[in-house]
file work36.cif (mmCIF, C-alpha atoms)
data_my_file
loop_
_atom_site.label_atom_id
_atom_site.label_comp_id
_atom_site.auth_asym_id
_atom_site.auth_seq_id
_atom_site.Cartn_x
_atom_site.Cartn_y
_atom_site.Cartn_z
CA VAL A 1 -13.30 3.63 4.58
CA LYS A 2 -14.73 6.19 2.14
CA ASP A 3 -11.25 7.61 1.54
CA LEU A 4 -9.81 4.19 0.72
CA ILE A 5 -12.80 3.42 -1.51
CA ALA A 6 -12.13 6.73 -3.30
CA TYR A 7 -8.57 5.54 -4.01
CA PHE A 8 -10.02 2.31 -5.40
CA ARG A 9 -12.41 4.25 -7.63
CA LEU A 10 -9.64 6.51 -8.88
CA THR A 11 -7.45 3.50 -9.69
CA PHE A 12 -10.00 2.19 -12.20
CA ASN A 13 -11.50 5.50 -13.28
CA PRO A 14 -9.03 8.42 -13.13
CA SER A 15 -11.74 10.73 -14.48
CA ASP A 16 -13.73 10.35 -11.24
CA GLU A 17 -13.47 13.97 -10.14
CA GLU A 18 -15.24 13.45 -6.81
CA ALA A 19 -12.67 10.82 -5.91
CA ILE A 20 -9.85 13.15 -6.97
CA LYS A 21 -11.14 15.94 -4.74
CA ARG A 22 -11.47 13.54 -1.80
CA VAL A 23 -7.98 12.02 -1.82
CA ILE A 24 -5.68 14.41 -3.66
CA ASN A 25 -4.54 15.80 -0.31
CA TYR A 26 -5.24 12.82 1.95
CA PRO A 27 -2.92 12.03 3.53
CA ARG A 28 -1.55 15.58 3.33
CA ARG A 29 0.85 16.09 0.45
CA GLY A 30 0.76 19.87 -0.03
CA LEU A 31 -2.15 19.85 -2.51
CA GLY A 32 -4.83 21.83 -0.66
CA ASP A 33 -8.02 23.61 -1.70
CA THR A 34 -6.15 26.34 -3.63
CA THR A 35 -4.45 23.71 -5.80
CA VAL A 36 -7.75 21.94 -6.45
CA GLU A 37 -9.32 25.24 -7.53
CA LYS A 38 -6.44 25.85 -9.95
CA ILE A 39 -6.91 22.37 -11.43
CA ILE A 40 -10.66 22.92 -11.86
CA VAL A 41 -10.11 26.30 -13.54
CA ALA A 42 -7.43 24.89 -15.88
CA ALA A 43 -9.62 21.92 -16.82
CA ASP A 44 -12.56 24.18 -17.60
CA LYS A 45 -10.44 26.64 -19.59
CA HIS A 46 -8.89 23.97 -21.81
CA ASP A 47 -11.99 21.74 -21.91
CA ILE A 48 -10.18 18.74 -20.48
CA THR A 49 -10.58 16.59 -17.36
CA MET A 50 -8.98 17.25 -13.98
CA TRP A 51 -6.94 14.07 -14.43
CA GLU A 52 -5.44 15.36 -17.68
CA VAL A 53 -4.36 18.52 -15.89
CA ILE A 54 -2.81 16.49 -13.06
CA CYS A 55 -0.87 14.33 -15.52
CA ALA A 56 0.66 17.34 -17.28
CA PRO A 57 0.67 20.15 -14.69
CA GLN A 58 3.55 22.10 -16.28
CA GLN A 59 1.36 22.84 -19.31
CA TYR A 60 -1.63 24.18 -17.42
CA ILE A 61 -0.65 25.42 -13.95
CA GLU A 62 1.97 27.94 -12.92
CA GLY A 63 3.84 27.63 -9.65
CA ARG A 64 5.77 25.06 -7.65
CA ILE A 65 3.07 22.42 -7.25
CA ALA A 66 3.90 20.58 -10.48
CA ASN A 67 6.20 18.09 -8.76
CA GLN A 68 3.57 17.17 -6.14
CA LEU A 69 0.97 16.71 -8.87
CA ASN A 70 3.35 14.54 -10.89
CA ASP A 71 3.99 12.38 -7.81
CA PHE A 72 0.24 12.00 -7.20
CA ALA A 73 -0.40 11.03 -10.83
CA MET A 74 2.43 8.49 -10.73
CA LEU A 75 1.01 7.03 -7.50
CA ILE A 76 -2.42 6.43 -9.05
CA LYS A 77 -0.87 4.99 -12.21
CA SER A 78 1.17 2.56 -10.11
CA PHE A 79 -2.04 1.39 -8.41
CA ALA A 80 -3.61 0.72 -11.81
CA ALA A 81 -0.54 -1.20 -12.96
CA GLU A 82 -0.43 -3.37 -9.83
CA SER A 83 -4.16 -4.13 -10.06
CA LYS A 84 -3.57 -5.92 -13.35
CA LYS A 85 -1.20 -8.39 -11.67
CA LEU A 86 -2.75 -8.87 -8.22
CA ASP A 87 -6.06 -10.17 -6.91
CA ALA A 88 -8.58 -7.96 -5.09
CA TYR A 89 -7.10 -8.34 -1.62
CA GLU A 90 -3.47 -7.93 -2.68
CA THR A 91 -4.38 -4.82 -4.69
CA ALA A 92 -6.42 -3.32 -1.84
CA LEU A 93 -3.61 -3.94 0.65
CA TYR A 94 -1.06 -2.43 -1.72
CA ILE A 95 -3.18 0.71 -2.19
CA SER A 96 -3.92 1.11 1.53
CA GLN A 97 -0.21 0.85 2.35
CA HIS A 98 1.29 2.96 -0.44
CA SER A 99 -1.36 5.68 -0.30
CA GLY A 100 -0.31 6.34 3.30
CA ILE A 101 -3.80 5.80 4.74
CA LEU A 102 -2.78 2.92 7.02
CA LYS A 103 0.16 4.87 8.43
CA GLU A 104 -1.99 7.98 8.88
CA LEU A 105 -4.66 6.12 10.88
CA HIS A 106 -2.20 3.99 12.84
CA THR A 107 -0.55 7.10 14.27
CA ASP A 108 -3.92 8.58 15.30
CA ASP A 109 -4.34 7.64 18.99
CA SER A 110 -7.85 9.06 19.35
CA ILE A 111 -10.87 6.80 19.82
CA GLU A 112 -12.18 7.90 16.42
CA GLY A 113 -8.79 7.22 14.84
CA ARG A 114 -8.65 3.70 16.24
CA SER A 115 -12.20 3.09 15.06
CA ARG A 116 -11.34 4.22 11.52
CA TYR A 117 -8.22 2.02 11.54
CA GLU A 118 -10.30 -1.02 12.54
CA ASN A 119 -12.90 -0.17 9.87
CA ILE A 120 -10.14 -0.27 7.24
CA GLN A 121 -9.07 -3.65 8.61
CA GLU A 122 -12.63 -5.01 8.35
CA LEU A 123 -12.93 -3.71 4.78
CA LEU A 124 -9.72 -5.55 3.86
CA ASN A 125 -11.05 -8.68 5.58
CA GLY A 126 -14.19 -8.50 3.43
CA ILE A 127 -12.09 -8.11 0.30
CA LYS A 128 -9.97 -11.09 1.39
CA GLU A 129 -13.08 -13.27 1.60
CA PHE A 130 -14.13 -12.08 -1.87
CA ALA A 131 -10.67 -12.90 -3.27
CA GLU A 132 -10.94 -16.47 -1.96
CA ARG A 133 -14.34 -17.25 -3.46
CA GLU A 134 -14.33 -20.23 -5.78
CA ASP A 135 -17.65 -19.48 -7.50
CA ILE A 136 -16.34 -16.54 -9.54
CA GLU A 137 -13.60 -16.54 -12.13
CA ASP A 138 -12.50 -12.89 -11.96
CA ARG A 139 -11.55 -12.01 -8.38
CA SER A 140 -9.99 -8.64 -9.16
CA LEU A 141 -10.58 -5.44 -7.21
CA ALA A 142 -12.40 -3.99 -10.23
CA ILE A 143 -15.08 -6.71 -9.95
CA PHE A 144 -15.31 -6.18 -6.19
CA MET A 145 -15.93 -2.47 -6.81
CA GLN A 146 -18.73 -3.34 -9.23
CA ASP A 147 -20.34 -5.55 -6.58
CA ILE A 148 -20.33 -2.91 -3.85
CA ALA A 149 -21.64 -0.34 -6.34
CA LEU A 150 -24.68 -2.57 -6.87
CA LEU A 151 -25.13 -2.93 -3.10
CA THR A 152 -24.90 0.83 -2.65
CA ASN A 153 -27.57 1.44 -5.29
CA ASP A 154 -29.86 -1.06 -3.57
CA ASP A 155 -29.33 0.73 -0.25
CA ARG A 156 -30.62 3.97 -1.77
CA GLN A 157 -34.13 2.59 -2.26
CA ASP A 158 -36.64 4.66 -0.33
CA ASP A 159 -39.24 1.97 0.38
CA LYS A 160 -39.69 2.41 4.12
CA THR A 161 -42.04 -0.58 4.35
CA ARG A 162 -39.30 -3.09 3.56
CA ASP A 163 -38.14 -5.37 6.36
CA THR A 164 -34.58 -4.13 6.79
CA VAL A 165 -31.74 -3.95 9.28
CA SER A 166 -30.04 -0.66 10.17
CA LEU A 167 -26.27 -1.10 10.18
CA MET A 168 -24.39 1.59 12.11
CA THR A 169 -21.46 2.32 14.38
CA ILE A 170 -21.96 2.72 18.12
CA HIS A 171 -21.12 6.42 17.85
CA SER A 172 -23.86 7.01 15.29
CA ALA A 173 -26.36 5.03 17.42
CA LYS A 174 -26.06 7.39 20.39
CA GLY A 175 -29.48 8.73 21.37
CA LEU A 176 -31.34 6.11 19.31
CA GLU A 177 -33.29 3.05 20.48
CA PHE A 178 -34.47 -0.09 18.70
CA LYS A 179 -36.65 -3.03 19.74
CA ASN A 180 -33.94 -5.52 18.76
CA VAL A 181 -30.23 -4.80 18.76
CA PHE A 182 -27.32 -6.99 17.67
CA VAL A 183 -23.83 -6.05 18.87
CA VAL A 184 -21.24 -7.96 16.84
CA GLY A 185 -17.49 -8.39 17.01
CA LEU A 186 -17.28 -8.69 20.80
CA GLU A 187 -13.77 -10.11 20.85
CA GLU A 188 -10.57 -9.24 22.65
CA ASN A 189 -8.37 -6.90 20.57
CA LEU A 190 -11.42 -5.85 18.56
CA PHE A 191 -13.84 -4.61 21.22
CA PRO A 192 -12.06 -3.55 23.35
CA SER A 193 -9.61 -2.46 20.70
CA GLN A 194 -6.08 -3.77 20.91
CA MET A 195 -4.87 -0.17 20.81
CA SER A 196 -6.85 0.68 23.98
CA LEU A 197 -5.41 -2.07 26.19
CA ASN A 198 -2.26 -0.13 27.10
CA SER A 199 -4.16 2.70 28.78
CA ARG A 200 -6.69 2.51 31.62
CA THR A 201 -8.34 5.69 30.32
CA ASP A 202 -8.76 4.31 26.80
CA LEU A 203 -10.08 0.99 28.14
CA GLU A 204 -12.68 2.82 30.22
CA GLU A 205 -13.73 4.76 27.14
CA GLU A 206 -14.23 1.46 25.29
CA ARG A 207 -16.28 0.19 28.25
CA ARG A 208 -18.48 3.31 28.09
CA LEU A 209 -19.01 2.67 24.38
CA PHE A 210 -20.08 -0.89 25.19
CA TYR A 211 -22.60 0.51 27.69
CA VAL A 212 -23.96 2.80 24.97
CA ALA A 213 -24.30 -0.17 22.61
CA ILE A 214 -26.22 -2.46 24.99
CA THR A 215 -28.56 0.30 26.18
CA ARG A 216 -29.84 0.92 22.63
CA ALA A 217 -32.06 -2.19 22.95
CA GLU A 218 -35.66 -1.75 24.12
CA LYS A 219 -36.68 -5.44 24.24
CA LYS A 220 -33.96 -7.83 23.11
CA LEU A 221 -30.19 -7.57 22.93
CA THR A 222 -28.04 -10.15 21.13
CA LEU A 223 -24.28 -10.20 21.73
CA THR A 224 -22.07 -12.15 19.32
CA TYR A 225 -18.40 -12.93 18.84
CA ALA A 226 -16.48 -14.92 16.27
CA THR A 227 -14.24 -17.82 17.25
CA SER A 228 -11.96 -16.96 14.33
CA ARG A 229 -11.67 -14.15 11.79
CA TYR A 230 -9.30 -12.76 9.20
CA ARG A 231 -6.94 -10.05 10.45
CA TRP A 232 -4.79 -8.52 7.75
CA GLY A 233 -5.42 -11.52 5.54
CA THR A 234 -4.52 -14.16 8.14
CA LEU A 235 -7.10 -16.38 9.84
CA THR A 236 -6.66 -16.03 13.61
CA ASN A 237 -8.43 -17.51 16.64
CA CYS A 238 -10.47 -15.10 18.78
CA GLU A 239 -11.40 -14.88 22.44
CA PRO A 240 -14.70 -13.43 23.72
CA SER A 241 -14.52 -9.84 24.92
CA ARG A 242 -13.97 -9.22 28.62
CA PHE A 243 -17.04 -6.99 28.48
CA ILE A 244 -19.32 -10.02 28.02
CA ASN A 245 -18.07 -11.65 31.19
CA GLU A 246 -18.63 -8.41 33.10
CA ILE A 247 -22.40 -8.76 32.60
CA ASN A 248 -24.28 -10.37 35.50
CA ALA A 249 -25.01 -13.96 34.45
CA LYS A 250 -28.66 -13.77 35.54
CA TYR A 251 -29.36 -11.42 32.63
CA LEU A 252 -27.89 -13.80 30.02
CA GLU A 253 -29.55 -16.56 28.04
CA LEU A 254 -27.21 -18.98 26.28
CA GLU A 255 -28.24 -21.21 23.41
CA ILE A 256 -26.27 -24.42 23.88
CA VAL A 257 -26.90 -27.31 21.50
CA LYS A 258 -25.18 -30.50 22.55
CA PRO A 259 -23.36 -32.33 19.72
CA THR A 260 -25.33 -35.19 18.24
CA LYS A 261 -23.78 -38.65 18.39
CA SER A 262 -22.53 -40.14 15.18
CA VAL A 263 -25.22 -42.04 13.28
CA LEU A 264 -22.53 -44.57 12.30
CA GLY A 265 -22.15 -45.68 15.90
CA ASP A 266 -18.36 -45.46 15.82
CA ASN A 267 -15.73 -42.76 16.28
CA SER A 268 -16.06 -41.51 12.72
CA PHE A 269 -16.88 -37.84 12.24
CA ASP A 270 -18.80 -38.38 9.00
CA GLY A 271 -22.16 -39.15 10.61
CA GLU A 272 -21.98 -36.27 13.04
CA ARG A 273 -20.91 -33.94 10.27
CA ARG A 274 -23.95 -34.87 8.17
CA THR A 275 -26.30 -34.57 11.16
CA TRP A 276 -24.86 -31.18 12.07
CA SER A 277 -25.28 -29.94 8.49
CA GLN A 278 -28.89 -31.17 8.35
CA GLN A 279 -29.70 -29.32 11.57
CA ARG A 280 -28.26 -26.14 10.11
CA GLU A 281 -30.29 -26.55 6.91
CA SER A 282 -33.62 -27.38 8.61
CA PRO A 283 -33.84 -25.31 11.82
CA SER A 284 -37.65 -25.49 11.84
CA SER A 285 -37.79 -29.28 12.10
CA THR A 286 -40.38 -30.37 14.65
CA GLU A 287 -38.29 -33.39 15.60
CA ARG A 288 -35.52 -31.30 17.11
CA THR A 289 -35.23 -31.04 20.88
CA PRO A 290 -36.10 -27.54 22.13
CA VAL A 291 -33.04 -25.45 22.90
CA GLN A 292 -32.26 -25.30 26.60
CA ARG A 293 -31.24 -21.98 28.12
CA PRO A 294 -29.31 -22.89 31.27
CA LYS A 295 -28.25 -20.33 33.80
CA THR A 296 -24.52 -19.91 33.85
CA THR A 297 -21.85 -18.03 35.70
CA SER A 298 -19.78 -17.49 32.57
CA ILE A 299 -20.45 -16.80 28.90
CA LEU A 300 -17.23 -18.59 27.94
CA PRO A 301 -17.57 -22.12 26.52
CA LYS A 302 -15.86 -24.97 28.32
CA ALA A 303 -12.32 -25.07 27.01
CA HIS A 304 -10.79 -28.16 25.45
CA ILE A 305 -7.98 -29.62 27.55
CA PRO A 306 -5.16 -30.67 25.20
CA THR A 307 -3.73 -34.16 25.39
CA PRO A 308 -0.70 -34.34 27.75
CA GLY A 309 2.44 -33.66 25.77
CA PHE A 310 0.47 -31.91 23.01
CA ALA A 311 2.85 -30.85 20.21
CA PRO A 312 1.70 -29.53 16.82
CA ASP A 313 2.85 -31.26 13.65
CA VAL A 314 4.44 -29.50 10.69
CA ALA A 315 2.11 -28.33 7.90
CA SER A 316 3.59 -30.74 5.34
CA ALA A 317 2.52 -33.78 7.42
CA PHE A 318 -1.25 -33.31 7.02
CA GLN A 319 -3.47 -35.11 4.51
CA ASN A 320 -7.19 -35.25 3.74
CA GLY A 321 -9.16 -37.48 6.10
CA MET A 322 -6.69 -37.33 8.97
CA ASP A 323 -7.98 -37.17 12.56
CA VAL A 324 -6.45 -34.17 14.31
CA GLU A 325 -6.49 -32.32 17.61
CA HIS A 326 -6.57 -28.54 18.06
CA GLU A 327 -5.48 -27.12 21.40
CA LYS A 328 -8.62 -24.96 21.57
CA PHE A 329 -11.30 -26.57 19.36
CA GLY A 330 -10.61 -30.17 20.38
CA PHE A 331 -10.71 -33.24 18.12
CA GLY A 332 -11.65 -33.03 14.47
CA LYS A 333 -11.19 -34.46 10.99
CA ILE A 334 -9.58 -32.78 7.97
CA VAL A 335 -12.25 -32.40 5.28
CA SER A 336 -10.14 -30.69 2.62
CA LEU A 337 -6.79 -29.02 1.97
CA GLU A 338 -6.33 -26.03 -0.31
CA GLY A 339 -3.29 -24.12 -1.56
CA ASN A 340 0.42 -24.78 -1.57
CA LEU A 341 3.01 -24.81 1.20
CA PRO A 342 3.60 -22.82 3.30
CA ASP A 343 0.11 -21.29 2.89
CA VAL A 344 -2.00 -24.46 2.94
CA LYS A 345 -5.52 -23.89 4.29
CA ALA A 346 -7.35 -26.80 5.91
CA THR A 347 -11.09 -27.20 6.41
CA VAL A 348 -11.51 -29.20 9.62
CA PHE A 349 -14.76 -30.55 11.06
CA PHE A 350 -14.78 -30.33 14.87
CA GLN A 351 -17.27 -32.13 17.09
CA GLY A 352 -20.05 -29.76 18.11
CA LEU A 353 -18.50 -26.82 16.25
CA GLY A 354 -18.82 -27.71 12.58
CA ASN A 355 -16.33 -26.78 9.85
CA LYS A 356 -13.52 -24.33 10.54
CA GLN A 357 -10.93 -23.07 8.08
CA LEU A 358 -7.39 -22.88 9.45
CA LEU A 359 -4.02 -21.93 7.99
CA LEU A 360 -1.84 -24.90 8.88
CA LYS A 361 1.27 -22.81 9.51
CA PHE A 362 -0.57 -21.07 12.36
CA ALA A 363 -3.22 -23.61 13.36
CA LYS A 364 -1.19 -25.74 15.81
CA LEU A 365 -2.83 -29.04 14.89
CA ARG A 366 -1.67 -32.45 16.12
CA ILE A 367 -2.20 -35.61 14.09
CA VAL A 368 -4.15 -38.20 16.12
CA LYS A 369 -2.56 -41.60 15.47
#
call {"tool": "encode", "arguments": {"input": "work36.cif", "output": "structure tokens"}}
result
Amino acid sequence: VKDLIAYFRLTFNPSDEEAIKRVINYPRRGLGDTTVEKIIVAADKHDITMWEVICAPQQYIEGRIANQLNDFAMLIKSFAAESKKLDAYETALYISQHSGILKELHTDDSIEGRSRYENIQELLNGIKEFAEREDIEDRSLAIFMQDIALLTNDDRQDDKTRDTVSLMTIHSAKGLEFKNVFVVGLEENLFPSQMSLNSRTDLEEERRLFYVAITRAEKKLTLTYATSRYRWGTLTNCEPSRFINEINAKYLELEIVKPTKSVLGDNSFDGERRTWSQQRESPSSTERTPVQRPKTTSILPKAHIPTPGFAPDVASAFQNGMDVEHEKFGFGKIVSLEGNLPDVKATVFFQGLGNKQLLLKFAKLRIVK
């Protein structure tokens, strides 16, 4: 992630010499430490920046590395040019692809390599969410970089008395223990990684990592998974990790809140949707029924059984307010539609699940008539 961030920094500030040193030879392009030293010496001798030397290597450096330096300079300039035309996510994806980082990590079959590849994917997912925000006018990568710079500065505060959460990878948590631990992203193809499913050895290594994660907790362990998430810019449905179901059910406590009946007394979703939203906004209400924690033999929620003959309708057939059926989430109502065909995104309210955003071309929704 730090390497890709360095490419982002260099795109908007070519004078960032730390970023230059980090990525000038990653992935390898024949510009090693000796070349970097020559650039530094030439920049100091002529009282110019490293970037100015890289942009005109024939004037300042002798040898056969001029062509490689010209190619690197042209690469960074192309990133800057594309960033003026694309939003944050499109720019980030373009840089990650054309820099060679995605290809480099995809060909690395080690556990660490797969982890770094998935970290890049999560970074792009975060940028995708930023690019789709409606509350900001400028959704460029430059603004995203300003935001994370502010977050980074806040993280550097040394006040140890603040109530904070330590965010770390499982590898970095080895040997540590905490009173409360949250393990997130427990979904098939994420943990265990999709790249580990073809090898028994790799899958066992993922299982050992899961054991490390759950044994970091001294008192309470919380396991979570998403029912849907962005993967390479596309919203996809997720299934709980097989590792969750491998835990003995007697050690699990499930929070199951039964859906509240519609206050309108009919089949409309509007009343339930309002009630569900109010419960989310006022979790401390004394009028709410205490959450039951039933014993269960499976962590998996009861699946929706599609209507016999279930067949999804084409994306162009959907309109606001329509009652629909999803083969996994059940029955719902379209709250809003955004975008243009074929990339129309629907916000659908499902009974007991709340709002979910789905791309209609992938969602497999059926209109309930």
call {"tool": "atom_distance", "arguments": {"input": "work36.cif", "atom1": "atom CA of A:Arg216", "atom2": "atom CA of A:Asn180"}}
result
8.6 Å
call {"tool": "atom_distance", "arguments": {"input": "work36.cif", "atom1": "atom CA of A:Ala43", "atom2": "atom CA of A:Glu82"}}
result
27.8 Å
call {"tool": "residues_around", "arguments": {"input": "work36.cif", "residues": "A:Lys2", "least_positions_apart": "3", "cutoff": "12 Å", "atoms": "all atoms listed in the file", "output": "ChimeraX atom specification"}}
result
/A:5-9,18-19,22-23,26,96,101,116,119-120,123
call {"tool": "resolve_selection", "arguments": {"input": "work36.cif", "expression": "the PyMOL selection byres ((chain A and resi 218) around 7)", "output": "list in words"}}
result
Glu177, Phe178, Lys179, Asn180, Arg216, Ala217, Lys219 and Lys220 of chain A
call {"tool": "resolve_selection", "arguments": {"input": "work36.cif", "expression": "the PyMOL selection byres ((chain A and resi 329) around 8)", "output": "list in words"}}
result
Ala303, His304, Glu325, His326, Glu327, Lys328, Gly330, Phe331, Phe350 and Leu353 of chain A
